[in-house]
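One file, model_15.cif, carrying mmCIF, C-alpha atoms, pLDDT in the B column; chains and numbers go by the auth columns:
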```cif
data_input
#
loop_
_atom_site.group_PDB
_atom_site.id
_atom_site.type_symbol
_atom_site.label_atom_id
_atom_site.label_comp_id
_atom_site.label_asym_id
_atom_site.label_seq_id
_atom_site.Cartn_x
_atom_site.Cartn_y
_atom_site.Cartn_z
_atom_site.B_iso_or_equiv
_atom_site.auth_seq_id
_atom_site.auth_asym_id
ATOM 1 C CA MET A 1 13.457 9.489 6.025 86.00 1 A
ATOM 2 C CA ARG A 2 12.907 7.453 2.863 93.00 2 A
ATOM 3 C CA ILE A 3 9.285 6.317 2.599 94.00 3 A
ATOM 4 C CA LEU A 4 7.990 3.858 0.012 97.00 4 A
ATOM 5 C CA VAL A 5 4.318 3.796 -0.961 97.00 5 A
ATOM 6 C CA LEU A 6 3.834 0.448 -2.696 98.00 6 A
ATOM 7 C CA ALA A 7 0.397 0.136 -4.321 98.00 7 A
ATOM 8 C CA TRP A 8 -1.055 -2.650 -6.381 97.00 8 A
ATOM 9 C CA GLY A 9 -4.248 -3.659 -8.166 97.00 9 A
ATOM 10 C CA ASN A 10 -5.843 -4.069 -11.570 97.00 10 A
ATOM 11 C CA PRO A 11 -7.486 -0.884 -12.884 97.00 11 A
ATOM 12 C CA ALA A 12 -9.417 -2.987 -15.431 96.00 12 A
ATOM 13 C CA ARG A 13 -11.308 -4.729 -12.602 97.00 13 A
ATOM 14 C CA GLN A 14 -13.314 -1.786 -11.315 97.00 14 A
ATOM 15 C CA ASP A 15 -12.596 -1.151 -7.603 98.00 15 A
ATOM 16 C CA ASP A 16 -9.489 -3.352 -7.709 97.00 16 A
ATOM 17 C CA GLY A 17 -7.928 -0.233 -9.228 98.00 17 A
ATOM 18 C CA LEU A 18 -8.039 1.656 -5.907 98.00 18 A
ATOM 19 C CA GLY A 19 -4.333 1.080 -5.184 98.00 19 A
ATOM 20 C CA PRO A 20 -3.174 2.372 -8.580 98.00 20 A
ATOM 21 C CA ALA A 21 -5.616 5.296 -8.362 98.00 21 A
ATOM 22 C CA LEU A 22 -4.193 6.354 -4.998 98.00 22 A
ATOM 23 C CA ALA A 23 -0.625 6.000 -6.317 98.00 23 A
ATOM 24 C CA ALA A 24 -1.425 8.173 -9.349 97.00 24 A
ATOM 25 C CA ALA A 25 -3.049 10.877 -7.217 97.00 25 A
ATOM 26 C CA LEU A 26 -0.245 10.831 -4.647 96.00 26 A
ATOM 27 C CA GLU A 27 2.428 10.968 -7.374 93.00 27 A
ATOM 28 C CA GLU A 28 1.372 14.522 -8.190 87.00 28 A
ATOM 29 C CA ARG A 29 1.850 15.776 -4.640 89.00 29 A
ATOM 30 C CA ALA A 30 4.201 13.412 -2.818 91.00 30 A
ATOM 31 C CA PRO A 31 6.533 15.192 -0.404 91.00 31 A
ATOM 32 C CA ALA A 32 10.306 14.901 -0.728 92.00 32 A
ATOM 33 C CA GLY A 33 11.631 11.527 0.383 93.00 33 A
ATOM 34 C CA VAL A 34 8.517 9.619 -0.708 95.00 34 A
ATOM 35 C CA THR A 35 8.830 7.067 -3.519 97.00 35 A
ATOM 36 C CA ILE A 36 5.676 5.802 -5.231 97.00 36 A
ATOM 37 C CA SER A 37 5.674 2.338 -6.809 97.00 37 A
ATOM 38 C CA CYS A 38 2.662 0.674 -8.412 97.00 38 A
ATOM 39 C CA ASP A 39 1.979 -2.595 -10.232 95.00 39 A
ATOM 40 C CA TYR A 40 -0.724 -5.205 -10.831 95.00 40 A
ATOM 41 C CA GLN A 41 0.562 -7.381 -7.985 95.00 41 A
ATOM 42 C CA LEU A 42 3.316 -7.538 -5.424 95.00 42 A
ATOM 43 C CA GLN A 43 6.473 -9.214 -6.684 93.00 43 A
ATOM 44 C CA MET A 44 9.473 -10.781 -4.982 90.00 44 A
ATOM 45 C CA GLU A 45 11.668 -8.090 -6.551 93.00 45 A
ATOM 46 C CA ASP A 46 9.827 -5.526 -4.412 96.00 46 A
ATOM 47 C CA ALA A 47 11.833 -6.836 -1.432 95.00 47 A
ATOM 48 C CA VAL A 48 14.894 -5.055 -2.853 96.00 48 A
ATOM 49 C CA VAL A 49 13.073 -1.734 -3.063 97.00 49 A
ATOM 50 C CA ILE A 50 11.656 -2.191 0.438 97.00 50 A
ATOM 51 C CA SER A 51 15.154 -2.720 1.829 97.00 51 A
ATOM 52 C CA GLN A 52 16.213 0.658 0.428 97.00 52 A
ATOM 53 C CA HIS A 53 13.626 2.562 2.465 96.00 53 A
ATOM 54 C CA ASP A 54 13.029 3.373 6.122 93.00 54 A
ATOM 55 C CA LEU A 55 9.277 2.850 6.027 93.00 55 A
ATOM 56 C CA VAL A 56 6.772 1.260 3.637 96.00 56 A
ATOM 57 C CA VAL A 57 3.056 1.831 3.195 96.00 57 A
ATOM 58 C CA PHE A 58 1.344 -0.907 1.198 98.00 58 A
ATOM 59 C CA VAL A 59 -1.872 0.192 -0.560 98.00 59 A
ATOM 60 C CA ASP A 60 -4.517 -2.166 -1.913 97.00 60 A
ATOM 61 C CA ALA A 61 -8.261 -2.508 -2.402 98.00 61 A
ATOM 62 C CA SER A 62 -10.199 -4.477 0.189 97.00 62 A
ATOM 63 C CA THR A 63 -13.445 -6.408 -0.116 96.00 63 A
ATOM 64 C CA GLN A 64 -14.128 -6.109 3.615 93.00 64 A
ATOM 65 C CA GLY A 65 -14.529 -3.477 6.277 87.00 65 A
ATOM 66 C CA ASP A 66 -17.080 -0.992 7.516 84.00 66 A
ATOM 67 C CA HIS A 67 -14.837 2.036 7.143 89.00 67 A
ATOM 68 C CA PRO A 68 -13.727 3.805 3.972 97.00 68 A
ATOM 69 C CA PHE A 69 -10.282 2.342 4.672 97.00 69 A
ATOM 70 C CA GLU A 70 -8.253 0.574 7.324 95.00 70 A
ATOM 71 C CA PHE A 71 -4.696 1.370 8.323 94.00 71 A
ATOM 72 C CA GLN A 72 -2.841 -1.318 10.209 93.00 72 A
ATOM 73 C CA PRO A 73 0.736 -2.423 10.828 94.00 73 A
ATOM 74 C CA VAL A 74 2.204 -5.289 8.821 96.00 74 A
ATOM 75 C CA GLN A 75 4.585 -7.720 10.502 95.00 75 A
ATOM 76 C CA PRO A 76 7.136 -9.695 8.468 95.00 76 A
ATOM 77 C CA VAL A 77 6.667 -13.437 8.075 93.00 77 A
ATOM 78 C CA GLN A 78 9.235 -15.940 6.919 85.00 78 A
ATOM 79 C CA GLN A 79 7.791 -18.027 4.114 72.00 79 A
ATOM 80 C CA ALA A 80 9.492 -21.161 2.825 59.00 80 A
ATOM 81 C CA SER A 81 8.210 -20.729 -0.738 60.00 81 A
ATOM 82 C CA PHE A 82 6.778 -18.086 -3.015 59.00 82 A
ATOM 83 C CA SER A 83 4.585 -18.072 -6.086 60.00 83 A
ATOM 84 C CA SER A 84 5.036 -15.396 -8.693 56.00 84 A
ATOM 85 C CA HIS A 85 1.267 -14.838 -8.545 58.00 85 A
ATOM 86 C CA SER A 86 0.776 -14.706 -4.800 73.00 86 A
ATOM 87 C CA VAL A 87 3.194 -12.717 -2.673 89.00 87 A
ATOM 88 C CA SER A 88 1.853 -11.037 0.456 92.00 88 A
ATOM 89 C CA ALA A 89 3.066 -7.800 1.991 95.00 89 A
ATOM 90 C CA ALA A 90 4.129 -9.691 5.126 95.00 90 A
ATOM 91 C CA ALA A 91 6.114 -12.221 3.071 93.00 91 A
ATOM 92 C CA LEU A 92 7.873 -9.411 1.180 94.00 92 A
ATOM 93 C CA LEU A 93 8.872 -7.810 4.468 95.00 93 A
ATOM 94 C CA GLY A 94 10.214 -11.151 5.700 95.00 94 A
ATOM 95 C CA LEU A 95 12.149 -11.690 2.472 93.00 95 A
ATOM 96 C CA SER A 96 13.612 -8.181 2.664 95.00 96 A
ATOM 97 C CA GLU A 97 14.644 -8.762 6.262 94.00 97 A
ATOM 98 C CA ARG A 98 16.199 -12.141 5.527 94.00 98 A
ATOM 99 C CA CYS A 99 18.045 -11.163 2.335 94.00 99 A
ATOM 100 C CA PHE A 100 19.079 -7.610 3.149 95.00 100 A
ATOM 101 C CA GLU A 101 19.135 -7.674 6.955 93.00 101 A
ATOM 102 C CA ARG A 102 16.771 -4.701 7.128 90.00 102 A
ATOM 103 C CA ARG A 103 13.626 -4.696 9.231 91.00 103 A
ATOM 104 C CA VAL A 104 11.491 -1.978 7.713 94.00 104 A
ATOM 105 C CA PRO A 105 8.395 -0.755 9.587 94.00 105 A
ATOM 106 C CA ALA A 106 5.318 -1.212 7.406 95.00 106 A
ATOM 107 C CA TRP A 107 1.639 -0.350 7.272 95.00 107 A
ATOM 108 C CA LEU A 108 -1.217 -1.541 5.072 96.00 108 A
ATOM 109 C CA LEU A 109 -3.723 1.006 3.806 97.00 109 A
ATOM 110 C CA ALA A 110 -6.659 -1.162 2.691 97.00 110 A
ATOM 111 C CA ILE A 111 -9.267 0.900 0.832 98.00 111 A
ATOM 112 C CA ARG A 112 -12.781 -0.519 0.772 98.00 112 A
ATOM 113 C CA GLY A 113 -14.020 -1.492 -2.685 98.00 113 A
ATOM 114 C CA TYR A 114 -17.412 -2.878 -3.634 97.00 114 A
ATOM 115 C CA ARG A 115 -17.375 -4.191 -7.209 97.00 115 A
ATOM 116 C CA PHE A 116 -14.556 -6.079 -8.893 97.00 116 A
ATOM 117 C CA GLU A 117 -16.020 -6.768 -12.321 95.00 117 A
ATOM 118 C CA PRO A 118 -13.588 -7.491 -15.171 94.00 118 A
ATOM 119 C CA PHE A 119 -13.151 -5.034 -18.032 95.00 119 A
ATOM 120 C CA ILE A 120 -14.654 -2.063 -16.184 95.00 120 A
ATOM 121 C CA GLU A 121 -12.104 0.670 -15.572 94.00 121 A
ATOM 122 C CA ASP A 122 -14.237 3.096 -13.558 96.00 122 A
ATOM 123 C CA LEU A 123 -14.329 3.013 -9.769 98.00 123 A
ATOM 124 C CA THR A 124 -17.753 2.825 -8.155 98.00 124 A
ATOM 125 C CA PRO A 125 -18.947 6.100 -6.585 98.00 125 A
ATOM 126 C CA GLN A 126 -18.560 4.669 -3.057 97.00 126 A
ATOM 127 C CA ALA A 127 -15.020 3.507 -3.826 98.00 127 A
ATOM 128 C CA GLN A 128 -14.173 6.965 -5.190 98.00 128 A
ATOM 129 C CA ASP A 129 -15.350 8.499 -1.903 98.00 129 A
ATOM 130 C CA ASN A 130 -13.234 5.974 0.021 98.00 130 A
ATOM 131 C CA LEU A 131 -10.240 6.772 -2.192 98.00 131 A
ATOM 132 C CA HIS A 132 -10.526 10.489 -1.399 98.00 132 A
ATOM 133 C CA ALA A 133 -10.729 9.766 2.331 96.00 133 A
ATOM 134 C CA ALA A 134 -7.718 7.409 2.213 96.00 134 A
ATOM 135 C CA LEU A 135 -5.704 9.872 0.129 95.00 135 A
ATOM 136 C CA ALA A 136 -6.432 12.733 2.526 93.00 136 A
ATOM 137 C CA PHE A 137 -5.418 10.551 5.480 92.00 137 A
ATOM 138 C CA LEU A 138 -2.178 9.332 3.886 94.00 138 A
ATOM 139 C CA ASP A 139 -1.288 12.795 2.595 91.00 139 A
ATOM 140 C CA GLN A 140 -1.689 14.176 6.130 88.00 140 A
ATOM 141 C CA GLN A 141 0.449 11.390 7.590 90.00 141 A
ATOM 142 C CA LEU A 142 3.218 11.846 5.021 90.00 142 A
ATOM 143 C CA ARG A 143 3.323 15.595 5.591 85.00 143 A
ATOM 144 C CA GLY A 144 3.189 15.342 9.401 76.00 144 A
ATOM 145 C CA ASP A 145 5.975 16.344 11.740 58.00 145 A
ATOM 146 C CA ALA A 146 6.836 12.735 12.653 52.00 146 A
ATOM 147 C CA PRO A 147 7.064 9.714 10.323 53.00 147 A
ATOM 148 C CA LEU A 148 3.804 7.814 10.632 61.00 148 A
ATOM 149 C CA ALA A 149 4.982 4.332 11.617 51.00 149 A
ATOM 150 C CA LEU A 150 7.676 5.502 13.965 46.00 150 A
ATOM 151 C CA ALA A 151 5.287 7.977 15.568 46.00 151 A
ATOM 152 C CA GLY A 152 2.793 5.209 16.297 49.00 152 A
ATOM 153 C CA ALA A 153 0.127 6.282 13.814 46.00 153 A
ATOM 154 C CA GLU A 154 -3.347 5.264 14.820 45.00 154 A
ATOM 155 C CA ARG A 155 -6.049 3.641 12.781 39.00 155 A
ATOM 156 C CA PRO A 156 -8.761 6.028 11.604 42.00 156 A
#
```
If you convert what's in this file into structure tokens, what do you get?
Amino acid sequence: MRILVLAWGNPARQDDGLGPALAAALEERAPAGVTISCDYQLQMEDAVVISQHDLVVFVDASTQGDHPFEFQPVQPVQQASFSSHSVSAAALLGLSERCFERRVPAWLLAIRGYRFEPFIEDLTPQAQDNLHAALAFLDQQLRGDAPLALAGAERP
């Protein structure tokens, strides 16, 4: 199974760097068949990469939630237009499905952040704790006996 972990965020905006931080940590220990991709934002071109995989896990910082992270399925949506500065995970899935005729199961790992100040590259201590919890969870899922989305992974 080919799994894509697609993370995004701005490391120079404090906790907005949670996605890139998880991608960097996972890069060092990703199991075979797992591709890590990371950027400042999602882009329409990511639809091509999504279509080349069997499963995608989107990873981003979140400003909401009571838990260290949330893990939930993402359903494709068909959008009539796109902006180069605002592409959602659901819209990318819909674009991949429409252009490449591939419906790829997807999940969003939203890691709780607390401060998003510009020009600060360090994660807050709480966000670092949440990052470790999310990384442990995702690492366990990726190394499990059954692929997480197809096995009906549950939210933490």
Quick one: residues within 12 Å of Leu109 of chain A, only C-alpha atoms, excluding same-chain residues fewer than 2 positions away - as a PDB file with C-alpha atoms, keeping the file's coordinate frame?
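The result, stored in selection_10.pdb:
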```pdb
ATOM      1  CA  VAL A   5       4.318   3.796  -0.961  1.00 97.00           C
ATOM      2  CA  LEU A   6       3.834   0.448  -2.696  1.00 98.00           C
ATOM      3  CA  ALA A   7       0.397   0.136  -4.321  1.00 98.00           C
ATOM      4  CA  TRP A   8      -1.055  -2.650  -6.381  1.00 97.00           C
ATOM      5  CA  LEU A  18      -8.039   1.656  -5.907  1.00 98.00           C
ATOM      6  CA  GLY A  19      -4.333   1.080  -5.184  1.00 98.00           C
ATOM      7  CA  LEU A  22      -4.193   6.354  -4.998  1.00 98.00           C
ATOM      8  CA  ALA A  23      -0.625   6.000  -6.317  1.00 98.00           C
ATOM      9  CA  VAL A  56       6.772   1.260   3.637  1.00 96.00           C
ATOM     10  CA  VAL A  57       3.056   1.831   3.195  1.00 96.00           C
ATOM     11  CA  PHE A  58       1.344  -0.907   1.198  1.00 98.00           C
ATOM     12  CA  VAL A  59      -1.872   0.192  -0.560  1.00 98.00           C
ATOM     13  CA  ASP A  60      -4.517  -2.166  -1.913  1.00 97.00           C
ATOM     14  CA  ALA A  61      -8.261  -2.508  -2.402  1.00 98.00           C
ATOM     15  CA  SER A  62     -10.199  -4.477   0.189  1.00 97.00           C
ATOM     16  CA  GLY A  65     -14.529  -3.477   6.277  1.00 87.00           C
ATOM     17  CA  HIS A  67     -14.837   2.036   7.143  1.00 89.00           C
ATOM     18  CA  PRO A  68     -13.727   3.805   3.972  1.00 97.00           C
ATOM     19  CA  PHE A  69     -10.282   2.342   4.672  1.00 97.00           C
ATOM     20  CA  GLU A  70      -8.253   0.574   7.324  1.00 95.00           C
ATOM     21  CA  PHE A  71      -4.696   1.370   8.323  1.00 94.00           C
ATOM     22  CA  GLN A  72      -2.841  -1.318  10.209  1.00 93.00           C
ATOM     23  CA  PRO A  73       0.736  -2.423  10.828  1.00 94.00           C
ATOM     24  CA  VAL A  74       2.204  -5.289   8.821  1.00 96.00           C
ATOM     25  CA  ALA A  89       3.066  -7.800   1.991  1.00 95.00           C
ATOM     26  CA  ALA A 106       5.318  -1.212   7.406  1.00 95.00           C
ATOM     27  CA  TRP A 107       1.639  -0.350   7.272  1.00 95.00           C
ATOM     28  CA  ILE A 111      -9.267   0.900   0.832  1.00 98.00           C
ATOM     29  CA  ARG A 112     -12.781  -0.519   0.772  1.00 98.00           C
ATOM     30  CA  ASN A 130     -13.234   5.974   0.021  1.00 98.00           C
ATOM     31  CA  LEU A 131     -10.240   6.772  -2.192  1.00 98.00           C
ATOM     32  CA  ALA A 133     -10.729   9.766   2.331  1.00 96.00           C
ATOM     33  CA  ALA A 134      -7.718   7.409   2.213  1.00 96.00           C
ATOM     34  CA  LEU A 135      -5.704   9.872   0.129  1.00 95.00           C
ATOM     35  CA  PHE A 137      -5.418  10.551   5.480  1.00 92.00           C
ATOM     36  CA  LEU A 138      -2.178   9.332   3.886  1.00 94.00           C
ATOM     37  CA  GLN A 141       0.449  11.390   7.590  1.00 90.00           C
ATOM     38  CA  ALA A 153       0.127   6.282  13.814  1.00 46.00           C
ATOM     39  CA  GLU A 154      -3.347   5.264  14.820  1.00 45.00           C
ATOM     40  CA  ARG A 155      -6.049   3.641  12.781  1.00 39.00           C
ATOM     41  CA  PRO A 156      -8.761   6.028  11.604  1.00 42.00           C
TER      42      PRO A 156
END
```
* Between A:Asn10, A:Gln140, A:Thr63, A:Gln78, which has the minimum distance to Ala127 of chain A (counting all atoms listed in the file)? ->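 Using all atoms listed in the file, the shortest distance to Ala127 of chain A belongs to A:Thr63.
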* How many Å lie between atom CA of Arg98 of chain A and atom CA of Tyr40 of chain A, rounded to one decimal? ->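 Distance reported for this atom pair: 24.5 Å.
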* Result set of the PyMOL selection byres ((chain A and resi 31-37) around 6) on the coordinates above, as a list in words ->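 Taken on the displayed file, the PyMOL selection byres ((chain A and resi 31-37) around 6) yields the residues Arg2, Ile3, Leu4, Val5, Leu6, Ala30 and Cys38 of chain A.
Atom CA of Ile50 of chain A is positioned 16.7 Å from atom CA of Gln79 of chain A.
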* To do: Find the residue from A:Met1, A:Ala12, A:Ala25, A:Leu95 that sits nearest to His132 of chain A; use only C-alpha atoms when measuring.
  =>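 Residue with the minimum atom-to-atom distance to His132 of chain A: A:Ala25.
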